[in-house]
>>> print(open('target.pdb').read())   # PDB, C-alpha atoms, pLDDT in the B column
ATOM      1  CA  MET A 942     -66.446 -61.273  74.652  1.00 45.00           C
ATOM      2  CA  SER A 943     -66.250 -58.210  76.871  1.00 43.00           C
ATOM      3  CA  ASP A 944     -67.596 -54.676  76.582  1.00 43.00           C
ATOM      4  CA  GLU A 945     -64.950 -53.548  79.056  1.00 47.00           C
ATOM      5  CA  TYR A 946     -63.702 -50.781  76.749  1.00 44.00           C
ATOM      6  CA  GLY A 947     -67.064 -49.429  75.605  1.00 47.00           C
ATOM      7  CA  SER A 948     -69.470 -50.460  72.928  1.00 64.00           C
ATOM      8  CA  ASN A 949     -66.932 -50.446  70.071  1.00 89.00           C
ATOM      9  CA  PHE A 950     -63.991 -52.077  71.845  1.00 89.00           C
ATOM     10  CA  VAL A 951     -63.503 -55.628  73.067  1.00 88.00           C
ATOM     11  CA  SER A 952     -60.765 -57.436  74.903  1.00 89.00           C
ATOM     12  CA  ILE A 953     -60.138 -61.012  73.783  1.00 86.00           C
ATOM     13  CA  SER A 954     -57.710 -63.730  74.822  1.00 85.00           C
ATOM     14  CA  ASP A 955     -56.115 -66.283  72.549  1.00 80.00           C
ATOM     15  CA  GLU A 956     -55.559 -69.950  73.394  1.00 84.00           C
ATOM     16  CA  GLU A 957     -52.238 -69.100  75.081  1.00 90.00           C
ATOM     17  CA  GLY A 958     -53.794 -66.473  77.367  1.00 89.00           C
ATOM     18  CA  ASN A 959     -52.470 -63.419  75.497  1.00 85.00           C
ATOM     19  CA  GLU A 960     -54.931 -60.517  75.674  1.00 88.00           C
ATOM     20  CA  TYR A 961     -55.694 -58.220  72.763  1.00 85.00           C
ATOM     21  CA  GLU A 962     -57.772 -55.069  72.510  1.00 90.00           C
ATOM     22  CA  LEU A 963     -59.735 -54.754  69.288  1.00 92.00           C
ATOM     23  CA  GLU A 964     -62.013 -52.109  67.840  1.00 92.00           C
ATOM     24  CA  HIS A 965     -65.265 -53.580  66.516  1.00 93.00           C
ATOM     25  CA  LEU A 966     -65.952 -52.315  62.986  1.00 90.00           C
ATOM     26  CA  ASP A 967     -69.001 -54.231  61.856  1.00 91.00           C
ATOM     27  CA  THR A 968     -70.994 -57.442  62.140  1.00 94.00           C
ATOM     28  CA  ILE A 969     -72.534 -59.392  59.271  1.00 95.00           C
ATOM     29  CA  GLU A 970     -74.441 -62.583  58.739  1.00 95.00           C
ATOM     30  CA  TYR A 971     -72.963 -64.688  55.956  1.00 96.00           C
ATOM     31  CA  GLY A 972     -74.633 -67.965  55.155  1.00 94.00           C
ATOM     32  CA  ASP A 973     -75.923 -69.304  58.445  1.00 95.00           C
ATOM     33  CA  ASP A 974     -73.088 -67.810  60.507  1.00 96.00           C
ATOM     34  CA  LEU A 975     -72.303 -64.503  62.178  1.00 97.00           C
ATOM     35  CA  TYR A 976     -68.970 -62.755  61.620  1.00 97.00           C
ATOM     36  CA  MET A 977     -67.410 -59.703  63.229  1.00 96.00           C
ATOM     37  CA  ALA A 978     -64.679 -57.448  61.824  1.00 94.00           C
ATOM     38  CA  PHE A 979     -62.104 -55.754  64.063  1.00 94.00           C
ATOM     39  CA  LEU A 980     -59.017 -53.560  63.930  1.00 90.00           C
ATOM     40  CA  PRO A 981     -56.204 -53.962  66.469  1.00 88.00           C
ATOM     41  CA  THR A 982     -55.936 -50.972  68.810  1.00 88.00           C
ATOM     42  CA  GLU A 983     -52.285 -51.360  69.795  1.00 84.00           C
ATOM     43  CA  PRO A 984     -49.338 -50.380  67.557  1.00 81.00           C
ATOM     44  CA  ASP A 985     -47.165 -53.154  66.125  1.00 74.00           C
ATOM     45  CA  GLU A 986     -43.527 -53.738  67.139  1.00 78.00           C
ATOM     46  CA  ASN A 987     -42.461 -50.837  64.863  1.00 83.00           C
ATOM     47  CA  GLY A 988     -44.900 -48.410  66.482  1.00 82.00           C
ATOM     48  CA  ASN A 989     -47.217 -48.366  63.450  1.00 82.00           C
ATOM     49  CA  GLN A 990     -50.961 -48.584  63.871  1.00 79.00           C
ATOM     50  CA  PRO A 991     -52.135 -51.828  62.195  1.00 75.00           C
ATOM     51  CA  THR A 992     -54.664 -51.366  59.402  1.00 79.00           C
ATOM     52  CA  GLU A 993     -55.335 -55.025  58.608  1.00 86.00           C
ATOM     53  CA  MET A 994     -58.893 -56.058  59.391  1.00 90.00           C
ATOM     54  CA  ILE A 995     -59.360 -59.148  61.558  1.00 93.00           C
ATOM     55  CA  ILE A 996     -62.458 -61.234  60.832  1.00 96.00           C
ATOM     56  CA  LEU A 997     -63.673 -63.722  63.415  1.00 96.00           C
ATOM     57  CA  LYS A 998     -66.610 -66.106  63.385  1.00 97.00           C
ATOM     58  CA  VAL A 999     -69.015 -65.869  66.323  1.00 96.00           C
ATOM     59  CA  VAL A1000     -69.718 -69.301  67.826  1.00 95.00           C
ATOM     60  CA  GLU A1001     -72.198 -69.947  70.616  1.00 93.00           C
ATOM     61  CA  GLU A1002     -71.526 -72.730  73.113  1.00 93.00           C
ATOM     62  CA  ASN A1003     -73.616 -73.297  76.233  1.00 94.00           C
ATOM     63  CA  GLY A1004     -75.206 -69.866  75.889  1.00 93.00           C
ATOM     64  CA  GLU A1005     -71.858 -68.027  75.653  1.00 92.00           C
ATOM     65  CA  GLU A1006     -70.400 -66.381  72.568  1.00 89.00           C
ATOM     66  CA  PHE A1007     -66.840 -67.120  71.524  1.00 88.00           C
ATOM     67  CA  PHE A1008     -64.718 -66.027  68.588  1.00 91.00           C
ATOM     68  CA  GLU A1009     -63.215 -68.538  66.204  1.00 93.00           C
ATOM     69  CA  THR A1010     -60.629 -67.926  63.494  1.00 93.00           C
ATOM     70  CA  ILE A1011     -61.522 -68.776  59.912  1.00 96.00           C
ATOM     71  CA  ASP A1012     -59.119 -71.395  58.571  1.00 95.00           C
ATOM     72  CA  ASP A1013     -60.730 -71.752  55.127  1.00 96.00           C
ATOM     73  CA  GLU A1014     -59.061 -69.095  52.921  1.00 96.00           C
ATOM     74  CA  ASP A1015     -61.878 -69.172  50.330  1.00 97.00           C
ATOM     75  CA  LEU A1016     -64.503 -68.573  53.024  1.00 97.00           C
ATOM     76  CA  LEU A1017     -62.390 -65.826  54.574  1.00 96.00           C
ATOM     77  CA  ASP A1018     -62.110 -64.088  51.179  1.00 96.00           C
ATOM     78  CA  LYS A1019     -65.885 -64.303  50.648  1.00 97.00           C
ATOM     79  CA  VAL A1020     -66.671 -62.948  54.117  1.00 97.00           C
ATOM     80  CA  TYR A1021     -64.106 -60.165  53.622  1.00 95.00           C
ATOM     81  CA  GLU A1022     -65.783 -59.187  50.332  1.00 95.00           C
ATOM     82  CA  ALA A1023     -69.187 -59.161  52.071  1.00 95.00           C
ATOM     83  CA  PHE A1024     -67.786 -56.810  54.729  1.00 93.00           C
ATOM     84  CA  MET A1025     -66.313 -54.527  52.056  1.00 91.00           C
ATOM     85  CA  GLU A1026     -69.612 -54.401  50.174  1.00 91.00           C
ATOM     86  CA  GLN A1027     -71.476 -53.528  53.367  1.00 87.00           C
ATOM     87  CA  LEU A1028     -68.941 -50.876  54.378  1.00 79.00           C
ATOM     88  CA  PHE A1029     -69.039 -49.249  50.932  1.00 80.00           C
ATOM     89  CA  ASP A1030     -72.853 -49.417  50.860  1.00 78.00           C
ATOM     90  CA  ASP A1031     -72.923 -47.656  54.251  1.00 62.00           C
ATOM     91  CA  ASP A1032     -70.514 -44.988  52.940  1.00 58.00           C
ATOM     92  CA  ALA A1033     -72.681 -44.434  49.840  1.00 56.00           C
ATOM     93  CA  GLU A1034     -75.789 -44.024  52.007  1.00 60.00           C
ATOM     94  CA  ASP A1035     -73.953 -41.518  54.219  1.00 55.00           C
ATOM     95  CA  ASP A1036     -73.068 -39.435  51.135  1.00 55.00           C
ATOM     96  CA  GLU A1037     -76.732 -39.130  50.090  1.00 56.00           C
TER
END
>>> encode(input="target.pdb", output="structure tokens")
Amino acid sequence: MSDEYGSNFVSISDEEGNEYELEHLDTIEYGDDLYMAFLPTEPDENGNQPTEMIILKVVEENGEEFFETIDDEDLLDKVYEAFMEQLFDDDAEDDE
């Protein structure tokens, strides 16, 4: 994980060495694990800005943090719902 682009942006590489820039939206603890939500910063092949949230699990190995995709669809849905609840709770607090 890199803070190369500032505190809200990270640059990650996939297993094939492709680099991606992501905007960090939020971090939550779900169960015993830590998850981070991101939005892609680069337009898709049609020039549209992607709006689909990417959720990655934070895994620590040998003192370093890595991101891992979530293969379990049920878990992904539950973590997504937890992010949505937190985001809407934050919005409600901002309105007060």
>>> resolve_selection(input="target.pdb", expression="the PyMOL selection byres ((chain A and resi 961) around 10)", output="mmCIF file with C-alpha atoms, keeping the file's coordinate frame")
data_model
loop_
_atom_site.group_PDB
_atom_site.id
_atom_site.type_symbol
_atom_site.label_atom_id
_atom_site.label_comp_id
_atom_site.auth_asym_id
_atom_site.auth_seq_id
_atom_site.Cartn_x
_atom_site.Cartn_y
_atom_site.Cartn_z
ATOM 1 C CA VAL A 951 -63.503 -55.628 73.067
ATOM 2 C CA SER A 952 -60.765 -57.436 74.903
ATOM 3 C CA ILE A 953 -60.138 -61.012 73.783
ATOM 4 C CA SER A 954 -57.710 -63.730 74.822
ATOM 5 C CA ASP A 955 -56.115 -66.283 72.549
ATOM 6 C CA GLY A 958 -53.794 -66.473 77.367
ATOM 7 C CA ASN A 959 -52.470 -63.419 75.497
ATOM 8 C CA GLU A 960 -54.931 -60.517 75.674
ATOM 9 C CA GLU A 962 -57.772 -55.069 72.510
ATOM 10 C CA LEU A 963 -59.735 -54.754 69.288
ATOM 11 C CA PRO A 981 -56.204 -53.962 66.469
ATOM 12 C CA THR A 982 -55.936 -50.972 68.810
ATOM 13 C CA GLU A 983 -52.285 -51.360 69.795
#
>>> atom_distance(input="target.pdb", atom1="CA of Phe1007 in chain A", atom2="CA of Glu1022 in chain A")
22.7 Å
>>> closest_residue(input="target.pdb", among="A:Glu986, A:Ile996, A:Tyr1021, A:Leu1016", to="His965 in chain A", atoms="all atoms listed in the file")
A:Ile996
>>> atom_distance(input="target.pdb", atom1="CA of Asp967 in chain A", atom2="CA of Leu1017 in chain A")
15.2 Å
>>> atom_distance(input="target.pdb", atom1="CA of Val1000 in chain A", atom2="CA of Val1020 in chain A")
15.4 Å
>>> closest_residue(input="target.pdb", among="A:Glu1002, A:Glu1026, A:Glu1009, A:Glu957", to="Ile969 in chain A", atoms="all atoms listed in the file")
A:Glu1026
>>> resolve_selection(input="target.pdb", expression="the PyMOL selection byres ((chain A and resi 977) around 10)", output="PyMOL selection string")
chain A and resi 965-970+975-976+978-979+995-999+1008+1020+1024
>>> axis_aligned_box(input="target.pdb", around="range 949-958 of chain A", padding_each_side="6 Å", output="lines of an AutoDock Vina configuration file")
center_x = -59.6
center_y = -60.2
center_z = 73.7
size_x = 26.7
size_y = 31.5
size_z = 19.3
>>> closest_residue(input="target.pdb", among="A:Asp974, A:Glu964, A:Glu1006, A:Asp1013", to="Met994 in chain A", atoms="all atoms listed in the file")
A:Glu964
>>> build_atoms(input="target.pdb", residues="range 954-982 of chain A", atoms="N, CA and C atoms", output="short mmCIF file (atom, residue, chain, number, x, y, z; two decimals), in the coordinates of the input")
data_model
loop_
_atom_site.label_atom_id
_atom_site.label_comp_id
_atom_site.auth_asym_id
_atom_site.auth_seq_id
_atom_site.Cartn_x
_atom_site.Cartn_y
_atom_site.Cartn_z
N SER A 954 -58.90 -62.95 74.48
CA SER A 954 -57.71 -63.73 74.82
C SER A 954 -57.58 -64.87 73.83
N ASP A 955 -56.33 -65.15 73.44
CA ASP A 955 -56.12 -66.28 72.55
C ASP A 955 -55.94 -67.55 73.38
N GLU A 956 -55.68 -68.65 72.71
CA GLU A 956 -55.56 -69.95 73.39
C GLU A 956 -54.40 -69.99 74.38
N GLU A 957 -53.40 -69.12 74.20
CA GLU A 957 -52.24 -69.10 75.08
C GLU A 957 -52.38 -68.09 76.21
N GLY A 958 -53.55 -67.43 76.29
CA GLY A 958 -53.79 -66.47 77.37
C GLY A 958 -53.34 -65.05 77.08
N ASN A 959 -52.86 -64.78 75.87
CA ASN A 959 -52.47 -63.42 75.50
C ASN A 959 -53.72 -62.59 75.26
N GLU A 960 -53.77 -61.39 75.84
CA GLU A 960 -54.93 -60.52 75.67
C GLU A 960 -54.69 -59.49 74.59
N TYR A 961 -55.75 -59.20 73.84
CA TYR A 961 -55.69 -58.22 72.76
C TYR A 961 -56.90 -57.30 72.86
N GLU A 962 -56.69 -56.03 72.59
CA GLU A 962 -57.77 -55.07 72.51
C GLU A 962 -58.06 -54.82 71.04
N LEU A 963 -59.33 -54.93 70.67
CA LEU A 963 -59.74 -54.75 69.29
C LEU A 963 -60.88 -53.76 69.20
N GLU A 964 -60.90 -53.00 68.10
CA GLU A 964 -62.01 -52.11 67.84
C GLU A 964 -62.98 -52.82 66.91
N HIS A 965 -64.24 -52.92 67.33
CA HIS A 965 -65.26 -53.58 66.52
C HIS A 965 -65.69 -52.65 65.39
N LEU A 966 -65.58 -53.12 64.15
CA LEU A 966 -65.95 -52.32 62.99
C LEU A 966 -67.37 -52.58 62.51
N ASP A 967 -67.71 -53.88 62.42
CA ASP A 967 -69.00 -54.23 61.86
C ASP A 967 -69.29 -55.70 62.13
N THR A 968 -70.55 -56.06 61.99
CA THR A 968 -70.99 -57.44 62.14
C THR A 968 -71.88 -57.78 60.95
N ILE A 969 -71.68 -58.96 60.37
CA ILE A 969 -72.53 -59.39 59.27
C ILE A 969 -72.93 -60.84 59.47
N GLU A 970 -74.03 -61.19 58.81
CA GLU A 970 -74.44 -62.58 58.74
C GLU A 970 -74.09 -63.05 57.34
N TYR A 971 -73.35 -64.14 57.25
CA TYR A 971 -72.96 -64.69 55.96
C TYR A 971 -73.30 -66.17 56.00
N GLY A 972 -74.14 -66.59 55.08
CA GLY A 972 -74.63 -67.96 55.16
C GLY A 972 -75.47 -68.09 56.41
N ASP A 973 -75.20 -69.10 57.19
CA ASP A 973 -75.92 -69.30 58.44
C ASP A 973 -75.12 -68.84 59.65
N ASP A 974 -73.99 -68.17 59.42
CA ASP A 974 -73.09 -67.81 60.51
C ASP A 974 -72.96 -66.30 60.66
N LEU A 975 -72.51 -65.90 61.85
CA LEU A 975 -72.30 -64.50 62.18
C LEU A 975 -70.80 -64.23 62.26
N TYR A 976 -70.38 -63.12 61.65
CA TYR A 976 -68.97 -62.76 61.62
C TYR A 976 -68.81 -61.31 62.09
N MET A 977 -67.70 -61.05 62.75
CA MET A 977 -67.41 -59.70 63.23
C MET A 977 -66.04 -59.28 62.71
N ALA A 978 -65.93 -58.00 62.33
CA ALA A 978 -64.68 -57.45 61.82
C ALA A 978 -64.11 -56.49 62.87
N PHE A 979 -62.79 -56.56 63.06
CA PHE A 979 -62.10 -55.75 64.06
C PHE A 979 -60.83 -55.16 63.49
N LEU A 980 -60.36 -54.10 64.16
CA LEU A 980 -59.02 -53.56 63.93
C LEU A 980 -58.27 -53.61 65.26
N PRO A 981 -57.00 -54.00 65.23
CA PRO A 981 -56.20 -53.96 66.47
C PRO A 981 -56.08 -52.52 66.95
N THR A 982 -56.04 -52.33 68.27
CA THR A 982 -55.94 -50.97 68.81
C THR A 982 -54.51 -50.62 69.20
#
